[in-house]
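**Student:** Pasting a structure here, questions to come.
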Amino acid sequence: MAVDYAVIVVYLAGMLAMGWWGMRRARSKSEFLVAGRRLGPAMYSGTMAAIVLGGASTIGGVGLGYQYGLSGAWMVVTIGLGLLALSVFFSARIARLKVYTVSEMLDLRYGGRAGVISGVVMWAYTLMLAVTSTIAYATIFDVLFDMNRTVAIVLGGAIVVAYSTLGGMWSITLTDMVQFVVKTIGVLLLLLPIAVVKAGGFSGMKAKLPTSYFDPLGIGGETIFTYVLIYTFGMLIGQDIWQRVFTARSDKVARLGGTVAGTYCLVYAVAGAVIGTAAKVMYPKLPSADAAFATIVKDELPVGVRGLVLAAALAAVMSTSSGALIACATVANNDIWSRLRGMRASPGAQGDGSDGSDDRDGSDNRDGSDDRDEVRGNRAFILAMGVLVICIAIALNNVVEALTVAYNLLVGGLLVPILGGLLWKRGTVQGALTAVTVGGLVVLGLMWRYGALANEPIYYGLLASLVSYVVVSLASKPTDAAVLAHWRDRLAGREEGSGEVSGSAGEVPGSEPETAPAQS
């Protein structure tokens with residue numbers, strides 16, 4: 001195991017070194033939170049794929065393959081479909097808004113007053129996403145070092161908190177690219193073919209397993225539908241995903257890079273299900289389906305390769321954990337703390353460039369004291385949220401229920417106001433606030449009645465949110481024309497009162513063909 005240990009240690013040391021390097025780049029709010037909005041297609045697609053394919057997609061995806069066969073790919077497939085839908089239909093408009101959070105988008109669209117309540121819901125979601133990712137370190141370090149659960153969580157969490165706090169999104173972007181490469185090599189190029197060969201090839205697997213393992217719908221239509229509601233729609237509105245869209249150099253990069261990342265997710269989904277199916281052939285009586293990944297890695301892979309594949313699992317967890325952590329800290333600082341202290345600008349001006357160059361690449365005021373204060377403040381929030389995440393992860397045992405609660409609140413409360421704001425001009429702030437409140441309360445009530453893992457909360461919560469949004473919006477006064485005009489200008493990539501946006505690394509906002517419908 002000495003070689004495997006060396007691989008892991010070198011990998012972890014590299015993550016910390018990139019955090020230190022990223023600290024030298026992150027000298028403004030824009031650089032720290034959205035990497036200066038300067039990522040090109042290759043970096044963007046790699047980091048986007050890294051953040052959405054976490055421990056649940058890797059270890060959990062293999063576990064679903066072990067339990068259901070090829071249809072176990074559906075969970076990760078729905079994640080990929082959500083990323084494709086976001087990239088093709090919404091990413092260009094989102095990137096042109098030049099904001100930092102989903103709540104800032106809601107304030108722009110509805111004319112204020114939607115930010116705090118939506119920020120609280122989004123903060124709860126990103127917090128629990130970071131917690132569940134952090135808990136996964138216990139599984140990986142137990143396989144590697146037979147380490148105590150608490151020590152494993154503290155060690156893995158501390159490394160992510162360290163490089164995220166040092167360099168913000170620049171550090172996370174660099175580490176995510178390495179993690180993307182490690183996952184591709186470890187899972188797709190090494191573990192997948194080795195597992196299939198060890199299981200006797202596809203013919204051998206078919207001979208030893210029930211036919212249901214090769215039925216693409218074997219997991220069940222209701223389960224697939226629930227995955228679509230939770231994961232596909234969750235990809236459309238999560239702060240952790242939007243914050244990566246904000247890093248794109250242009251709307252073309254956001255669309256193309258996201259499409260590549262979504263396609264990669266579909267391939268990764270099938271690979272995980274096949275590995276799990278192969279593990280079922282080799283180890284038919286494992287005590288838990290989630291143990292399939294660790295078992296096949298420990299028992300079937302040669303020295304060195306085993307270390308690289310375990311590094312791939314660690315990379316999957318770290319990429320999601322760091323992305324959720326910076327999203328949680330950004331929402332806590334920008335959407336909750338600053339607003340409650342009354343330090344924000346007026347809603348119509350949020351993120352419109354009136355506070356300097358923060359909303360673009362930060363180059364115009366990189367050495368200013370305001371930028372340094374912003375970076376220090378956001379760095380402090382990442383550190384504080386990181387400590388909170390580690391503490392909750394140590395105390396929490398039921399990971400699946402915690403993550404389900406987070407996704408149910410996110411989709412049940414925020415999906416309708418966000419997509420309604422992007423697609424329906426008659427939607428109002430009263431309708432949005434009612435939808436968030438009613439959807440969230442219905443989800444919580446039905447989870448208490450039927451249990452956190454039941455399907456009813458998300459079904460009826462989403463329906464209640466939609467109905468209340470439409471009814472209250474139609475019953476209330478339409479959104480002010482000036483607010484909608486400013487919203488259309490932002491969607492088109494223009495700054496109201498300041499002309500075209502400049503200094504965004506070569507992007508020419510408003511030059512894309514799709515800006516015409518946005519202005520009509």
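Labeling convention for the structure tokens: chains A, B, ... as they appear, residues from 1 per chain, ligands from 1 in order of appearance.
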List the spatial neighbours of Leu217 in chain A as a compact mmCIF listing (two decimals) with all heavy atoms, in the first residue's frame - criterion: any atom at most 9 Å away, only C-alpha atoms, same-chain residues fewer than 3 positions off excluded.

**Tutor:**
```txt
# COMPACT_ATOMS: atom_id res chain seq x y z
N LEU A 70 -27.82 -1.77 -15.18
CA LEU A 70 -27.58 -0.64 -16.07
C LEU A 70 -28.54 0.52 -15.82
O LEU A 70 -28.19 1.68 -16.03
CB LEU A 70 -27.67 -1.09 -17.54
CG LEU A 70 -26.65 -2.13 -17.99
CD1 LEU A 70 -26.78 -2.40 -19.48
CD2 LEU A 70 -25.22 -1.70 -17.65
N SER A 71 -29.76 0.21 -15.36
CA SER A 71 -30.72 1.29 -15.09
C SER A 71 -30.30 2.13 -13.88
O SER A 71 -30.86 3.20 -13.65
CB SER A 71 -32.12 0.72 -14.86
OG SER A 71 -32.16 -0.08 -13.69
N GLY A 72 -29.30 1.67 -13.14
CA GLY A 72 -28.77 2.48 -12.05
C GLY A 72 -28.09 3.75 -12.53
O GLY A 72 -27.77 4.64 -11.73
N TRP A 74 -29.50 6.05 -14.14
CA TRP A 74 -30.47 7.12 -14.31
C TRP A 74 -30.24 8.32 -13.41
O TRP A 74 -30.51 9.46 -13.81
CB TRP A 74 -31.90 6.59 -14.13
CG TRP A 74 -32.46 6.05 -15.41
CD1 TRP A 74 -32.67 4.75 -15.76
CD2 TRP A 74 -32.89 6.84 -16.53
NE1 TRP A 74 -33.18 4.66 -17.02
CE2 TRP A 74 -33.34 5.92 -17.53
CE3 TRP A 74 -32.94 8.19 -16.80
CZ2 TRP A 74 -33.83 6.35 -18.76
CZ3 TRP A 74 -33.42 8.62 -18.04
CH2 TRP A 74 -33.86 7.70 -19.00
N SER A 212 -33.26 -8.40 -15.55
CA SER A 212 -33.64 -7.07 -15.09
C SER A 212 -32.44 -6.14 -14.95
O SER A 212 -32.58 -4.92 -15.03
CB SER A 212 -34.38 -7.17 -13.75
OG SER A 212 -33.53 -7.73 -12.75
N PHE A 214 -30.24 -5.68 -17.05
CA PHE A 214 -29.91 -5.11 -18.35
C PHE A 214 -31.11 -4.41 -18.99
O PHE A 214 -31.08 -4.04 -20.15
CB PHE A 214 -29.36 -6.21 -19.27
CG PHE A 214 -28.15 -6.89 -18.69
CD1 PHE A 214 -28.28 -8.03 -17.92
CD2 PHE A 214 -26.89 -6.34 -18.86
CE1 PHE A 214 -27.17 -8.64 -17.34
CE2 PHE A 214 -25.77 -6.94 -18.29
CZ PHE A 214 -25.92 -8.08 -17.52
N GLY A 220 -37.33 1.53 -12.40
CA GLY A 220 -38.72 1.94 -12.20
C GLY A 220 -39.02 3.33 -12.72
O GLY A 220 -38.23 4.26 -12.52
N GLY A 221 -40.16 3.47 -13.39
CA GLY A 221 -40.54 4.76 -13.98
C GLY A 221 -40.75 5.85 -12.95
O GLY A 221 -40.39 7.01 -13.17
N ILE A 224 -37.37 7.17 -11.81
CA ILE A 224 -36.77 8.01 -12.84
C ILE A 224 -37.43 9.39 -12.86
O ILE A 224 -36.74 10.43 -12.96
CB ILE A 224 -36.88 7.34 -14.22
CG1 ILE A 224 -36.06 6.04 -14.25
CG2 ILE A 224 -36.41 8.28 -15.33
CD1 ILE A 224 -36.28 5.20 -15.50
```

**Student:** With DSSP run on the backbone, what are the helix (DSSP H, G or I) residues within range 222-369 of chain A? I'd like them as a PyMOL selection string.

**Tutor:** chain A and resi 222-237+239-245+251-282+289-300+305-340+347-349+369

**Student:** Which residues are near Gly200 in chain A? Cut-off 12 Å, only C-alpha atoms, ignore same chain within fewer than 2 positions. Put them as a ChimeraX atom specification.

**Tutor:** /A:193-198,202-209,277-282

**Student:** Pull all heavy atoms from the residues just selected and write them as a short mmCIF file (atom, residue, chain, number, x, y, z; two decimals), in the first residue's frame.

**Tutor:**
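New file result-v5.cif:
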```cif
data_model
loop_
_atom_site.label_atom_id
_atom_site.label_comp_id
_atom_site.auth_asym_id
_atom_site.auth_seq_id
_atom_site.Cartn_x
_atom_site.Cartn_y
_atom_site.Cartn_z
N PRO A 193 -12.68 -0.56 -17.56
CA PRO A 193 -12.25 -1.77 -18.31
C PRO A 193 -11.78 -2.90 -17.41
O PRO A 193 -12.04 -4.08 -17.71
CB PRO A 193 -11.12 -1.25 -19.20
CG PRO A 193 -10.66 0.02 -18.58
CD PRO A 193 -11.84 0.60 -17.90
N ILE A 194 -11.08 -2.58 -16.32
CA ILE A 194 -10.61 -3.64 -15.42
C ILE A 194 -11.80 -4.38 -14.80
O ILE A 194 -11.81 -5.62 -14.71
CB ILE A 194 -9.69 -3.05 -14.33
CG1 ILE A 194 -8.37 -2.58 -14.94
CG2 ILE A 194 -9.43 -4.07 -13.23
CD1 ILE A 194 -7.46 -1.85 -13.99
N ALA A 195 -12.81 -3.65 -14.37
CA ALA A 195 -13.99 -4.28 -13.76
C ALA A 195 -14.72 -5.18 -14.74
O ALA A 195 -15.13 -6.30 -14.40
CB ALA A 195 -14.93 -3.20 -13.23
N VAL A 196 -14.88 -4.72 -15.98
CA VAL A 196 -15.59 -5.52 -16.98
C VAL A 196 -14.81 -6.81 -17.28
O VAL A 196 -15.39 -7.90 -17.36
CB VAL A 196 -15.80 -4.69 -18.27
CG1 VAL A 196 -16.34 -5.58 -19.39
CG2 VAL A 196 -16.77 -3.54 -18.01
N VAL A 197 -13.51 -6.71 -17.44
CA VAL A 197 -12.70 -7.89 -17.72
C VAL A 197 -12.74 -8.87 -16.55
O VAL A 197 -12.90 -10.09 -16.73
CB VAL A 197 -11.23 -7.47 -18.03
CG1 VAL A 197 -10.33 -8.71 -18.08
CG2 VAL A 197 -11.17 -6.71 -19.34
N LYS A 198 -12.60 -8.36 -15.32
CA LYS A 198 -12.62 -9.23 -14.14
C LYS A 198 -13.96 -9.94 -13.98
O LYS A 198 -14.03 -11.06 -13.43
CB LYS A 198 -12.35 -8.40 -12.88
CG LYS A 198 -10.94 -7.82 -12.81
CD LYS A 198 -9.96 -8.81 -12.23
CE LYS A 198 -8.61 -8.16 -11.97
NZ LYS A 198 -7.64 -9.11 -11.36
N PHE A 202 -19.07 -8.57 -20.93
CA PHE A 202 -20.52 -8.38 -20.90
C PHE A 202 -21.27 -9.70 -21.05
O PHE A 202 -22.33 -9.91 -20.47
CB PHE A 202 -20.93 -7.41 -22.01
CG PHE A 202 -20.57 -5.98 -21.70
CD1 PHE A 202 -19.45 -5.39 -22.27
CD2 PHE A 202 -21.33 -5.23 -20.82
CE1 PHE A 202 -19.12 -4.08 -21.98
CE2 PHE A 202 -21.00 -3.92 -20.52
CZ PHE A 202 -19.89 -3.33 -21.10
N SER A 203 -20.72 -10.63 -21.82
CA SER A 203 -21.37 -11.94 -21.95
C SER A 203 -21.37 -12.69 -20.62
O SER A 203 -22.36 -13.34 -20.27
CB SER A 203 -20.65 -12.76 -23.03
OG SER A 203 -19.27 -12.94 -22.69
N GLY A 204 -20.25 -12.58 -19.89
CA GLY A 204 -20.19 -13.23 -18.59
C GLY A 204 -21.17 -12.61 -17.60
O GLY A 204 -21.80 -13.31 -16.79
N MET A 205 -21.31 -11.29 -17.64
CA MET A 205 -22.24 -10.62 -16.73
C MET A 205 -23.68 -11.01 -17.06
O MET A 205 -24.49 -11.26 -16.16
CB MET A 205 -22.06 -9.11 -16.82
CG MET A 205 -20.77 -8.60 -16.17
SD MET A 205 -20.69 -6.79 -16.02
CE MET A 205 -20.29 -6.33 -17.70
N LYS A 206 -24.02 -11.09 -18.34
CA LYS A 206 -25.38 -11.46 -18.73
C LYS A 206 -25.70 -12.89 -18.31
O LYS A 206 -26.85 -13.22 -17.98
CB LYS A 206 -25.54 -11.31 -20.24
CG LYS A 206 -25.65 -9.86 -20.70
CD LYS A 206 -25.90 -9.77 -22.20
CE LYS A 206 -26.07 -8.32 -22.64
NZ LYS A 206 -26.33 -8.22 -24.10
N ALA A 207 -24.70 -13.75 -18.33
CA ALA A 207 -24.92 -15.16 -17.97
C ALA A 207 -25.15 -15.34 -16.48
O ALA A 207 -25.82 -16.30 -16.06
CB ALA A 207 -23.72 -15.99 -18.42
N LYS A 208 -24.63 -14.43 -15.66
CA LYS A 208 -24.68 -14.61 -14.21
C LYS A 208 -25.70 -13.75 -13.49
O LYS A 208 -25.94 -13.92 -12.30
CB LYS A 208 -23.30 -14.33 -13.61
CG LYS A 208 -22.23 -15.32 -14.08
CD LYS A 208 -20.86 -14.95 -13.50
CE LYS A 208 -19.80 -15.93 -13.99
NZ LYS A 208 -18.45 -15.58 -13.48
N LEU A 209 -26.30 -12.80 -14.20
CA LEU A 209 -27.23 -11.87 -13.56
C LEU A 209 -28.62 -11.97 -14.17
O LEU A 209 -28.77 -12.35 -15.34
CB LEU A 209 -26.70 -10.43 -13.69
CG LEU A 209 -25.41 -10.10 -12.94
CD1 LEU A 209 -24.94 -8.70 -13.30
CD2 LEU A 209 -25.59 -10.24 -11.43
N THR A 277 -22.52 -3.11 -11.95
CA THR A 277 -23.02 -4.40 -12.44
C THR A 277 -21.91 -5.45 -12.39
O THR A 277 -22.15 -6.61 -12.00
CB THR A 277 -23.55 -4.24 -13.88
OG1 THR A 277 -24.55 -3.21 -13.91
CG2 THR A 277 -24.16 -5.54 -14.37
N ALA A 278 -20.70 -5.07 -12.79
CA ALA A 278 -19.57 -5.99 -12.72
C ALA A 278 -19.28 -6.39 -11.27
O ALA A 278 -18.96 -7.55 -10.98
CB ALA A 278 -18.34 -5.34 -13.35
N ALA A 279 -19.40 -5.43 -10.36
CA ALA A 279 -19.16 -5.74 -8.95
C ALA A 279 -20.19 -6.73 -8.42
O ALA A 279 -19.87 -7.58 -7.58
CB ALA A 279 -19.20 -4.45 -8.13
N LYS A 280 -21.43 -6.67 -8.91
CA LYS A 280 -22.47 -7.61 -8.50
C LYS A 280 -22.10 -9.03 -8.89
O LYS A 280 -22.39 -9.98 -8.15
CB LYS A 280 -23.81 -7.21 -9.12
CG LYS A 280 -24.98 -8.08 -8.69
CD LYS A 280 -25.31 -7.88 -7.23
CE LYS A 280 -26.57 -8.65 -6.84
NZ LYS A 280 -26.91 -8.48 -5.41
N VAL A 281 -21.47 -9.19 -10.05
CA VAL A 281 -21.03 -10.51 -10.49
C VAL A 281 -19.93 -11.04 -9.57
O VAL A 281 -19.95 -12.21 -9.16
CB VAL A 281 -20.53 -10.45 -11.95
CG1 VAL A 281 -19.89 -11.78 -12.36
CG2 VAL A 281 -21.67 -10.09 -12.89
N MET A 282 -18.97 -10.19 -9.23
CA MET A 282 -17.82 -10.63 -8.44
C MET A 282 -18.13 -10.75 -6.95
O MET A 282 -17.56 -11.61 -6.26
CB MET A 282 -16.66 -9.65 -8.66
CG MET A 282 -16.09 -9.68 -10.07
SD MET A 282 -14.69 -8.56 -10.26
CE MET A 282 -15.54 -7.02 -10.53
#
```

**Student:** I'd like the neighbourhood of Leu127 in chain A as a list in words, where a residue qualifies if any of its atoms comes within 7 Å (using only C-alpha atoms), though same-chain residues fewer than 3 positions away should be ignored.

**Tutor:**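 Close residues of Leu127 in chain A: Trp123, Ala124, Ala130, Val131, Cys328 and Val389 of chain A.
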
**Student:** Output N, CA and C atoms of each residue in that selection to a file, as a PDB file, in the first residue's frame.

**Tutor:**
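Saved to again_19.pdb:
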```
ATOM      1  N   TRP A 123     -29.065  29.021   0.809  1.00  0.00           N
ATOM      2  CA  TRP A 123     -28.000  28.768   1.773  1.00  0.00           C
ATOM      3  C   TRP A 123     -28.168  27.400   2.433  1.00  0.00           C
ATOM      4  N   ALA A 124     -29.409  27.055   2.803  1.00  0.00           N
ATOM      5  CA  ALA A 124     -29.663  25.755   3.424  1.00  0.00           C
ATOM      6  C   ALA A 124     -29.308  24.622   2.469  1.00  0.00           C
ATOM      7  N   ALA A 130     -22.704  20.694   0.908  1.00  0.00           N
ATOM      8  CA  ALA A 130     -21.317  20.663   1.374  1.00  0.00           C
ATOM      9  C   ALA A 130     -21.134  19.654   2.503  1.00  0.00           C
ATOM     10  N   VAL A 131     -22.117  19.556   3.388  1.00  0.00           N
ATOM     11  CA  VAL A 131     -22.035  18.611   4.507  1.00  0.00           C
ATOM     12  C   VAL A 131     -22.002  17.170   4.005  1.00  0.00           C
ATOM     13  N   CYS A 328     -22.086  28.313  -0.703  1.00  0.00           N
ATOM     14  CA  CYS A 328     -22.699  28.555   0.604  1.00  0.00           C
ATOM     15  C   CYS A 328     -22.192  29.866   1.210  1.00  0.00           C
ATOM     16  N   VAL A 389     -19.583  23.456   8.360  1.00  0.00           N
ATOM     17  CA  VAL A 389     -19.828  22.240   7.574  1.00  0.00           C
ATOM     18  C   VAL A 389     -19.164  21.032   8.234  1.00  0.00           C
TER      19      VAL A 389
END
```

**Student:** Find, counting only C-alpha atoms, the residue in A:Gly307, A:Gly167, A:Gly461, A:Gly262 that gets nearest to Val77 in chain A.

**Tutor:**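 Among the listed residues, the smallest separation from Val77 in chain A belongs to A:Gly262.
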
**Student:** Tell me which of A:Ala481, A:Val470, A:Leu53, A:Val297 sits closest to Leu192 in chain A, counting only C-alpha atoms.

**Tutor:** A:Val297

**Student:** In Å, with one decimal, what is the gap from CA of Gly112 in chain A to CA of Ser322 in chain A?

**Tutor:**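 Between CA of Gly112 in chain A and CA of Ser322 in chain A the gap is 29.4 Å.
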
**Student:** Restricting the calculation to only C-alpha atoms, which member of A:Pro284, A:Lys298, A:Leu308, A:Ala313 is positioned closest to Tyr137 in chain A?

**Tutor:**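 For Tyr137 in chain A, the nearest of the given residues is A:Ala313.
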
**Student:** Please provide as a PyMOL selection string all residues within 12 Å of Ala6 in chain A, with the sequence filter that same-chain residues fewer than 6 positions apart are discarded (counting only C-alpha atoms).

**Tutor:** chain A and resi 12-13+144+303-308+310-311

**Student:** Next, dump the selected residues to file, keeping only N, CA and C atoms, as a tab-separated table (two decimals), in the first residue's frame.

**Tutor:**
```tsv
chain	number	residue	atom	x	y	z
A	12	LEU	N	-3.01	15.20	-2.51
A	12	LEU	CA	-3.49	16.16	-1.51
A	12	LEU	C	-2.55	17.35	-1.38
A	13	ALA	N	-1.25	17.09	-1.45
A	13	ALA	CA	-0.28	18.20	-1.40
A	13	ALA	C	-0.44	19.12	-2.60
A	144	LEU	N	-8.59	3.80	2.75
A	144	LEU	CA	-7.16	4.06	2.59
A	144	LEU	C	-6.35	3.74	3.84
A	303	VAL	N	-1.45	-2.51	-7.38
A	303	VAL	CA	-0.82	-1.43	-6.63
A	303	VAL	C	-0.53	-0.25	-7.56
A	304	GLY	N	-0.69	0.94	-7.07
A	304	GLY	CA	-0.49	2.14	-7.88
A	304	GLY	C	-1.76	2.55	-8.58
A	305	VAL	N	-2.35	1.61	-9.33
A	305	VAL	CA	-3.64	1.88	-9.97
A	305	VAL	C	-4.71	2.08	-8.91
A	306	ARG	N	-4.64	1.27	-7.86
A	306	ARG	CA	-5.58	1.41	-6.76
A	306	ARG	C	-5.50	2.80	-6.14
A	307	GLY	N	-4.30	3.29	-5.93
A	307	GLY	CA	-4.13	4.63	-5.38
A	307	GLY	C	-4.70	5.70	-6.28
A	308	LEU	N	-4.51	5.54	-7.60
A	308	LEU	CA	-5.02	6.54	-8.55
A	308	LEU	C	-6.54	6.54	-8.58
A	310	LEU	N	-8.55	5.56	-6.11
A	310	LEU	CA	-9.01	6.15	-4.86
A	310	LEU	C	-8.82	7.67	-4.88
A	311	ALA	N	-7.75	8.13	-5.52
A	311	ALA	CA	-7.59	9.58	-5.70
A	311	ALA	C	-8.71	10.14	-6.56
```

**Student:** Using only C-alpha atoms for the distances, tell me which of A:Leu396, A:Leu236, A:Ile458, A:Ala136 is nearest to Val443 in chain A.

**Tutor:**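 Nearest candidate to Val443 in chain A out of A:Leu396, A:Leu236, A:Ile458, A:Ala136: A:Ile458.
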
**Student:** What does the distance between CA of Gln430 in chain A and CA of Ala95 in chain A come to in Å, to one decimal place?

**Tutor:**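 CA of Gln430 in chain A sits 25.8 Å away from CA of Ala95 in chain A.
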
**Student:** Which residues, written as number ranges by chain, have at least one atom at most 9 Å from range 290-296 of chain A, with only C-alpha atoms counted and residues fewer than 5 positions away on the same chain left out?

**Tutor:** A: 58-64, 66, 139-140, 143, 191, 195, 275-276, 279-280, 282-283, 301, 310

**Student:** Considering only C-alpha atoms, return as a PyMOL selection string whatever protein or nucleic-acid residues lie within 12 Å of Ala49 in chain A, sequence-local ones (same chain, fewer than 5 positions apart) excluded.

**Tutor:** chain A and resi 42-44+54+57+76+79-80+83-84+173+176-181+183-184+235+241+244-245+257-269+315-316+319-320+323

**Student:** Given only C-alpha atoms as the basis, pick out the residue of A:Trp21, A:Tyr407, A:Tyr469, A:Tyr459 nearest to Leu174 in chain A.

**Tutor:**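 Result for the nearest residue to Leu174 in chain A: A:Trp21.
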
**Student:** Nearest to Ala485 in chain A among A:Leu108, A:Ala17, A:Leu86, A:Ala152, with distances taken over only C-alpha atoms: which residue is it?

**Tutor:** A:Leu108

**Student:** What does the structure give for the distance between CA of Thr150 in chain A and CA of Met18 in chain A, in Å to one decimal?

**Tutor:**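 Atom-to-atom, CA of Thr150 in chain A and CA of Met18 in chain A are spaced 25.7 Å apart.
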